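Here the structure is laid out as structure tokens; the discussion comes afterwards.
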Amino acid sequence: MSQNAVIVCTWGEDQDGLPVGAEEVLHIGRGLAADLGTDLAWLVLGALPSAAPETAGRYGVANLLQVEDAKLESPQPDALVAALAAVAGERSPRALLFHQTQASRAVAPRVAGRLGDAVVMNGVSADLSGECIVVTASAYGGDTRVVYEVSGRCPVIAFIANAVVPEPGDGAAVAAEALSVDLTGVEERVKIVEPARFEGPRLDDAEIIVSGGRGLGSSDNYKLIEQLAAALGGLPGASRPLVDDGWVDSSQQVGLTGRITRPNLYVAIGISGASQHMAGCSAAKTLVAINRDAEAAIFQYAKYGIVGDALELLPELIRAAGAR
Ligand SMILES: Cc1cc2nc3c(=O)[nH]c(=O)nc-3n(C[C@H](O)[C@H](O)[C@H](O)COP(=O)(O)OP(=O)(O)OC[C@H]3O[C@@H](n4cnc5c(N)ncnc54)[C@H](O)[C@@H]3O)c2cc1C
């Protein structure tokens, strides 16, 4: 393996035999490696995801690297940081790329710290300008883009969900190459007592989402959102106040601090259109808004809008959707 590769770093296996977001980051990594005239490598920490060899081939990965160690079986930040820093020290990559998750937020900046290099979080794209990697990142709740020129030797970059639509190509499966790192003495400083479990379909993958906001007035009315979502064959989502007030589970929150979605259809009901909410749904192909305030910001984003009372309109919409 060349000493100068762009390395996509993943762990865990969540979705269709792959870590969530792996294909998106491989897509970005493939483009960046081509711009830099170097190889793309994929470093898997812990168990090899079942679909990794085929997926590596489809994204032009030159080297599929795997570090297996008992401390990476249920990977925790301290072991991940130690393993990543060890591999980076040995292989001198040109960039380390991550999908931004709760877990990688706790890892990527620390790896950059160990390497003495720059870190950019909330990335949406990475290009080349002269010798510099130029990262565009989302900022201020998703309504602003910031462009960083990163001059360091090996920037660490985390990309938010749905930053790109991955485009796999053709290519033969890539065999994994085992790397060994010494994690002796690495102890996790934070112990997980009981991991949170989430089962069922995910908003991130939904084609249709119907979300309710504070305009619904009461938690009882949220069942109308669930009924409309079911009638349309979609999933129910929510704005953050509904999560804060305990009306719905946090897994249903759409937005900057919730799920970043990219459905074909997003129906926002009783939602004002704050930038932090829009960060999670503005990539929808079609956005429909219902709000009783004709001046509500959500109408700036909506392809179709209805100015009216959600509680009057919802039963009609549920009936019409059910009759399809
Ligand atoms: C750091 C940070 C992160 C955040 N992250 C998120 C996030 O991830 N997701 C998120 O959603 N928010 C997030 N927020 C909160 C965000 O700023 C807004 O406060 C929130 O999105 C507002 O929710 P809402 O639109 O449901 O409520 P409101 O802003 O109160 O809007 C309610 C809307 O309902 C309309 N309405 C009222 N009654 C009716 C009716 N009967 N029929 C139709 N319409 C009606 C009103 O006209 C209004 O437009 C974040 C904020 C911060 C500071």
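Each chain in the structure tokens gets a letter, A, B and so on, in the order shown; residues start at 1 in every chain, and ligands are counted from 1 in the order they appear.
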Can you tell me, as a short mmCIF file (atom, residue, chain, number, x, y, z; two decimals) with N, CA, C and O atoms, in the first residue's frame, what residues are no more than 9 Å from segment 215-221 of chain A when counting only C-alpha atoms, ignoring any on the same chain fewer than 6 positions away?
```
data_model
loop_
_atom_site.label_atom_id
_atom_site.label_comp_id
_atom_site.auth_asym_id
_atom_site.auth_seq_id
_atom_site.Cartn_x
_atom_site.Cartn_y
_atom_site.Cartn_z
N LEU A 242 -41.03 18.61 20.20
CA LEU A 242 -41.86 17.45 20.52
C LEU A 242 -41.05 16.38 21.24
O LEU A 242 -41.59 15.64 22.08
N ASP A 245 -40.33 17.82 24.79
CA ASP A 245 -41.51 17.75 25.67
C ASP A 245 -41.97 16.31 25.91
O ASP A 245 -43.02 16.09 26.54
N GLY A 246 -41.25 15.35 25.34
CA GLY A 246 -41.57 13.94 25.62
C GLY A 246 -42.74 13.39 24.83
O GLY A 246 -43.27 12.34 25.17
N TRP A 247 -43.16 14.09 23.76
CA TRP A 247 -44.27 13.57 22.96
C TRP A 247 -43.83 12.37 22.13
O TRP A 247 -44.61 11.46 21.87
N VAL A 248 -42.59 12.43 21.62
CA VAL A 248 -42.09 11.36 20.75
C VAL A 248 -40.67 11.01 21.16
O VAL A 248 -40.00 11.77 21.87
N ILE A 269 -45.80 19.57 9.10
CA ILE A 269 -47.11 20.05 9.56
C ILE A 269 -46.98 20.74 10.91
O ILE A 269 -46.50 20.14 11.89
N GLY A 270 -47.34 22.02 10.93
CA GLY A 270 -47.22 22.78 12.18
C GLY A 270 -45.77 22.98 12.58
O GLY A 270 -45.44 23.01 13.76
N ILE A 271 -44.91 23.11 11.59
CA ILE A 271 -43.47 23.31 11.81
C ILE A 271 -43.09 24.65 11.19
O ILE A 271 -43.44 24.93 10.03
N SER A 272 -42.36 25.48 11.96
CA SER A 272 -42.11 26.85 11.50
C SER A 272 -41.08 26.94 10.38
O SER A 272 -41.13 27.85 9.56
N ASN A 291 -49.20 25.09 7.41
CA ASN A 291 -48.98 26.00 8.53
C ASN A 291 -50.08 27.06 8.48
O ASN A 291 -50.48 27.49 7.40
N ARG A 292 -50.56 27.46 9.63
CA ARG A 292 -51.64 28.45 9.58
C ARG A 292 -51.12 29.87 9.40
O ARG A 292 -51.90 30.79 9.17
N ASP A 309 -55.36 25.35 9.19
CA ASP A 309 -55.24 24.72 10.51
C ASP A 309 -54.97 23.23 10.34
O ASP A 309 -55.79 22.50 9.75
N ALA A 310 -53.83 22.81 10.86
CA ALA A 310 -53.43 21.40 10.71
C ALA A 310 -54.48 20.45 11.26
O ALA A 310 -54.72 19.38 10.69
N LEU A 311 -55.10 20.84 12.34
CA LEU A 311 -56.03 19.91 12.99
C LEU A 311 -57.32 19.74 12.19
O LEU A 311 -58.00 18.72 12.29
#
```
Show me, as a PDB file with N, CA, C and O atoms, in the first residue's frame, the residues that have an atom within 10 Å of Gln76 of chain A when counting only C-alpha atoms, minus same-chain residues fewer than 5 positions from it.
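Contents of the output file around26.pdb:
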```pdb
ATOM      1  N   LYS A  71     -10.226  -5.660  21.921  1.00  0.00           N
ATOM      2  CA  LYS A  71     -10.695  -4.341  22.373  1.00  0.00           C
ATOM      3  C   LYS A  71     -11.493  -3.614  21.301  1.00  0.00           C
ATOM      4  O   LYS A  71     -12.041  -2.544  21.542  1.00  0.00           O
ATOM      5  N   VAL A  81      -9.322   5.337  18.999  1.00  0.00           N
ATOM      6  CA  VAL A  81      -8.335   6.421  18.826  1.00  0.00           C
ATOM      7  C   VAL A  81      -6.923   5.827  18.808  1.00  0.00           C
ATOM      8  O   VAL A  81      -6.104   6.166  17.937  1.00  0.00           O
ATOM      9  N   ALA A 103     -20.554   8.344  17.463  1.00  0.00           N
ATOM     10  CA  ALA A 103     -19.297   7.690  17.838  1.00  0.00           C
ATOM     11  C   ALA A 103     -18.096   8.400  17.209  1.00  0.00           C
ATOM     12  O   ALA A 103     -17.089   8.652  17.883  1.00  0.00           O
ATOM     13  N   ALA A 106     -16.716  11.461  18.795  1.00  0.00           N
ATOM     14  CA  ALA A 106     -15.858  11.272  19.972  1.00  0.00           C
ATOM     15  C   ALA A 106     -14.482  10.764  19.589  1.00  0.00           C
ATOM     16  O   ALA A 106     -13.619  10.651  20.446  1.00  0.00           O
ATOM     17  N   VAL A 107     -14.297  10.437  18.316  1.00  0.00           N
ATOM     18  CA  VAL A 107     -13.042   9.810  17.900  1.00  0.00           C
ATOM     19  C   VAL A 107     -12.219  10.723  16.986  1.00  0.00           C
ATOM     20  O   VAL A 107     -11.023  10.944  17.228  1.00  0.00           O
ATOM     21  N   GLU A 187      -7.236   1.409  28.061  1.00  0.00           N
ATOM     22  CA  GLU A 187      -8.441   1.161  28.868  1.00  0.00           C
ATOM     23  C   GLU A 187      -9.468   2.240  28.568  1.00  0.00           C
ATOM     24  O   GLU A 187      -9.118   3.414  28.497  1.00  0.00           O
ATOM     25  N   GLU A 188     -10.716   1.836  28.398  1.00  0.00           N
ATOM     26  CA  GLU A 188     -11.772   2.819  28.167  1.00  0.00           C
ATOM     27  C   GLU A 188     -12.040   3.599  29.456  1.00  0.00           C
ATOM     28  O   GLU A 188     -12.194   2.998  30.521  1.00  0.00           O
ATOM     29  N   ARG A 189     -12.106   4.911  29.323  1.00  0.00           N
ATOM     30  CA  ARG A 189     -12.357   5.716  30.521  1.00  0.00           C
ATOM     31  C   ARG A 189     -13.839   5.905  30.782  1.00  0.00           C
ATOM     32  O   ARG A 189     -14.252   6.234  31.862  1.00  0.00           O
ATOM     33  N   VAL A 190     -14.669   5.701  29.726  1.00  0.00           N
ATOM     34  CA  VAL A 190     -16.126   5.777  29.926  1.00  0.00           C
ATOM     35  C   VAL A 190     -16.685   4.375  29.720  1.00  0.00           C
ATOM     36  O   VAL A 190     -16.440   3.746  28.687  1.00  0.00           O
ATOM     37  N   LYS A 191     -17.397   3.861  30.704  1.00  0.00           N
ATOM     38  CA  LYS A 191     -17.967   2.508  30.600  1.00  0.00           C
ATOM     39  C   LYS A 191     -19.426   2.614  30.175  1.00  0.00           C
ATOM     40  O   LYS A 191     -20.181   3.426  30.722  1.00  0.00           O
ATOM     41  N   ILE A 192     -19.835   1.790  29.181  1.00  0.00           N
ATOM     42  CA  ILE A 192     -21.237   1.757  28.773  1.00  0.00           C
ATOM     43  C   ILE A 192     -21.962   0.757  29.659  1.00  0.00           C
ATOM     44  O   ILE A 192     -21.627  -0.435  29.679  1.00  0.00           O
TER      45      ILE A 192
END
```
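For the residues A:Ile209, A:Leu32, A:Ala158, A:Ile306, ranking by smallest atom-to-atom distance to Val134 of chain A using only C-alpha atoms places A:Leu32 first.
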Proximity check chain A to ligand 1, 8 Å, nearest pairs one decimal Å, only C-alpha atoms and all ligand atoms, as a tab-separated table:
```
residue	atom	partner	partner_atom_place_in_ligand_line	distance
A:Gly141	CA	ligand 1	3 (C)	6.6
A:Gly212	CA	ligand 1	26 (O)	6.8
A:Gly213	CA	ligand 1	26 (O)	3.2
A:Arg214	CA	ligand 1	26 (O)	3.9
A:Gly215	CA	ligand 1	37 (C)	3.3
A:Leu216	CA	ligand 1	41 (N)	5.8
A:Gly217	CA	ligand 1	38 (N)	6.5
A:Ala238	CA	ligand 1	11 (O)	6.7
A:Ser239	CA	ligand 1	11 (O)	3.3
A:Arg240	CA	ligand 1	11 (O)	4.0
A:Pro241	CA	ligand 1	23 (O)	5.5
A:Leu242	CA	ligand 1	26 (O)	7.0
A:Gln253	CA	ligand 1	9 (N)	6.0
A:Val254	CA	ligand 1	9 (N)	5.1
A:Gly255	CA	ligand 1	8 (O)	3.2
A:Leu256	CA	ligand 1	8 (O)	3.9
A:Thr257	CA	ligand 1	8 (O)	3.7
A:Gly258	CA	ligand 1	8 (O)	4.3
A:Arg259	CA	ligand 1	8 (O)	7.2
A:Ile269	CA	ligand 1	43 (C)	6.3
A:Gly270	CA	ligand 1	34 (O)	3.6
A:Ile271	CA	ligand 1	25 (O)	3.4
A:Ser272	CA	ligand 1	49 (O)	3.3
A:Gly273	CA	ligand 1	25 (O)	5.6
A:Ala274	CA	ligand 1	21 (O)	4.9
A:Ser275	CA	ligand 1	17 (O)	6.6
A:Gln276	CA	ligand 1	6 (C)	4.5
A:His277	CA	ligand 1	11 (O)	3.8
A:Met278	CA	ligand 1	11 (O)	7.5
A:Ala279	CA	ligand 1	8 (O)	7.5
A:Gly280	CA	ligand 1	8 (O)	6.9
A:Ile290	CA	ligand 1	43 (C)	5.8
A:Asn291	CA	ligand 1	44 (N)	3.5
A:Arg292	CA	ligand 1	43 (C)	4.2
A:Asp293	CA	ligand 1	47 (O)	4.5
A:Ala294	CA	ligand 1	47 (O)	8.0
A:Ala296	CA	ligand 1	49 (O)	5.2
A:Ala297	CA	ligand 1	49 (O)	7.5
A:Ile298	CA	ligand 1	49 (O)	7.6
A:Val307	CA	ligand 1	43 (C)	7.5
A:Gly308	CA	ligand 1	43 (C)	5.8
A:Asp309	CA	ligand 1	42 (N)	3.7
A:Ala310	CA	ligand 1	42 (N)	3.7
A:Leu311	CA	ligand 1	41 (N)	5.7
A:Glu312	CA	ligand 1	41 (N)	8.0
```
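Distances from A:Met121, A:Ala321, A:Ala126, A:Ala230 to Ile160 of chain A were compared using only C-alpha atoms, and the smallest one belongs to A:Met121.
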Exercise. Could you pull out all residues of segment 13-231 of chain A with a DSSP call of alpha helix (DSSP H) and give them as a PyMOL selection string?
Worked result: chain A and resi 22-36+52-58+77-91+102-105+108-115+222-231
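Residue neighbourhood of Val174 of chain A, excluding near-sequence residues (fewer than 4 positions): Ala41, Trp42, Ala51, Ala52, Pro53, Glu54, Thr55, Ala56, Gly57, Arg58, Tyr59, Gly60, Val61, Ala62, Asn63, Leu64, Leu65, Gln66 and Asp170 of chain A, at 12 Å, using only C-alpha atoms.
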Let's have the selection written as a CSV table (one decimal), in the first residue's frame, with N, CA and C atoms.
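What landed in selection_21.csv:
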```csv
chain,number,residue,atom,x,y,z
A,41,ALA,N,-7.9,3.8,0.4
A,41,ALA,CA,-7.8,2.6,1.2
A,41,ALA,C,-9.0,2.7,2.2
A,42,TRP,N,-9.4,1.6,2.7
A,42,TRP,CA,-10.6,1.5,3.6
A,42,TRP,C,-10.1,0.7,4.8
A,51,ALA,N,-20.4,-7.1,3.7
A,51,ALA,CA,-20.5,-6.6,2.4
A,51,ALA,C,-19.2,-5.8,2.0
A,52,ALA,N,-18.2,-5.7,2.9
A,52,ALA,CA,-17.1,-4.9,2.7
A,52,ALA,C,-16.2,-5.2,1.5
A,53,PRO,N,-15.9,-6.5,1.2
A,53,PRO,CA,-15.0,-6.8,0.1
A,53,PRO,C,-15.7,-6.4,-1.2
A,54,GLU,N,-17.0,-6.7,-1.4
A,54,GLU,CA,-17.6,-6.3,-2.7
A,54,GLU,C,-17.7,-4.8,-2.8
A,55,THR,N,-18.1,-4.2,-1.7
A,55,THR,CA,-18.3,-2.7,-1.7
A,55,THR,C,-17.0,-2.0,-2.0
A,56,ALA,N,-15.9,-2.5,-1.4
A,56,ALA,CA,-14.6,-2.0,-1.7
A,56,ALA,C,-14.3,-2.0,-3.2
A,57,GLY,N,-14.6,-3.1,-3.8
A,57,GLY,CA,-14.3,-3.2,-5.3
A,57,GLY,C,-15.1,-2.2,-6.0
A,58,ARG,N,-16.4,-1.9,-5.6
A,58,ARG,CA,-17.2,-1.0,-6.4
A,58,ARG,C,-16.9,0.4,-6.2
A,59,TYR,N,-16.0,0.7,-5.2
A,59,TYR,CA,-15.6,2.1,-5.0
A,59,TYR,C,-14.1,2.3,-5.3
A,60,GLY,N,-13.5,1.4,-6.0
A,60,GLY,CA,-12.1,1.5,-6.4
A,60,GLY,C,-11.1,1.5,-5.2
A,61,VAL,N,-11.5,0.8,-4.1
A,61,VAL,CA,-10.6,0.8,-3.0
A,61,VAL,C,-9.3,-0.1,-3.4
A,62,ALA,N,-8.2,0.4,-3.2
A,62,ALA,CA,-6.9,-0.3,-3.5
A,62,ALA,C,-6.6,-1.3,-2.4
A,63,ASN,N,-6.8,-0.9,-1.2
A,63,ASN,CA,-6.4,-1.7,0.0
A,63,ASN,C,-7.5,-1.7,1.0
A,64,LEU,N,-8.0,-2.9,1.3
A,64,LEU,CA,-9.0,-3.0,2.4
A,64,LEU,C,-8.3,-3.6,3.6
A,65,LEU,N,-8.1,-2.7,4.6
A,65,LEU,CA,-7.3,-3.0,5.8
A,65,LEU,C,-8.2,-3.3,7.0
A,66,GLN,N,-7.8,-4.3,7.8
A,66,GLN,CA,-8.6,-4.6,8.9
A,66,GLN,C,-7.7,-4.8,10.1
A,170,ASP,N,-18.1,-0.5,-11.1
A,170,ASP,CA,-17.9,-1.9,-11.2
A,170,ASP,C,-16.5,-2.2,-10.6
```
For this session: Measuring atom to atom with only C-alpha atoms, identify which of A:Leu115, A:Leu72, A:Ala323, A:Ala196 is nearest to Ala85 of chain A.
Result: A:Leu115
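Atom CA of Tyr266 of chain A is positioned 22.8 Å from atom CA of Thr101 of chain A.
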Exercise. Can you tell me, as a list of chain:residue names, what residues are no more than 7 Å from Leu40 of chain A when counting only C-alpha atoms, ignoring any on the same chain fewer than 6 positions away?
Worked result: A:Ala5, A:Val6, A:Ile7, A:Gly29, A:Arg30, A:Ala33, A:Val61, A:Ala62
Requested write-out: N, CA, C and O atoms of the selected residues, as an mmCIF file, in the first residue's frame:
```cif
data_model
loop_
_atom_site.group_PDB
_atom_site.id
_atom_site.type_symbol
_atom_site.label_atom_id
_atom_site.label_comp_id
_atom_site.auth_asym_id
_atom_site.auth_seq_id
_atom_site.Cartn_x
_atom_site.Cartn_y
_atom_site.Cartn_z
ATOM 1 N N ALA A 5 -2.055 7.256 1.051
ATOM 2 C CA ALA A 5 -3.441 7.015 0.636
ATOM 3 C C ALA A 5 -4.430 7.898 1.392
ATOM 4 O O ALA A 5 -4.159 8.376 2.495
ATOM 5 N N VAL A 6 -5.567 8.089 0.772
ATOM 6 C CA VAL A 6 -6.736 8.633 1.476
ATOM 7 C C VAL A 6 -7.407 7.425 2.133
ATOM 8 O O VAL A 6 -7.735 6.452 1.455
ATOM 9 N N ILE A 7 -7.568 7.469 3.450
ATOM 10 C CA ILE A 7 -8.099 6.293 4.154
ATOM 11 C C ILE A 7 -9.488 6.604 4.726
ATOM 12 O O ILE A 7 -9.647 7.533 5.516
ATOM 13 N N GLY A 29 -14.246 9.760 -0.775
ATOM 14 C CA GLY A 29 -12.833 9.383 -0.730
ATOM 15 C C GLY A 29 -12.288 9.037 -2.110
ATOM 16 O O GLY A 29 -11.152 9.390 -2.439
ATOM 17 N N ARG A 30 -13.117 8.366 -2.912
ATOM 18 C CA ARG A 30 -12.689 8.000 -4.263
ATOM 19 C C ARG A 30 -12.349 9.259 -5.074
ATOM 20 O O ARG A 30 -11.329 9.331 -5.753
ATOM 21 N N ALA A 33 -9.133 10.972 -3.581
ATOM 22 C CA ALA A 33 -7.912 10.216 -3.904
ATOM 23 C C ALA A 33 -7.537 10.443 -5.377
ATOM 24 O O ALA A 33 -6.361 10.623 -5.706
ATOM 25 N N VAL A 61 -11.468 0.819 -4.134
ATOM 26 C CA VAL A 61 -10.550 0.750 -2.993
ATOM 27 C C VAL A 61 -9.349 -0.119 -3.373
ATOM 28 O O VAL A 61 -9.509 -1.249 -3.821
ATOM 29 N N ALA A 62 -8.153 0.438 -3.197
ATOM 30 C CA ALA A 62 -6.939 -0.329 -3.535
ATOM 31 C C ALA A 62 -6.580 -1.283 -2.407
ATOM 32 O O ALA A 62 -6.077 -2.379 -2.648
#
```
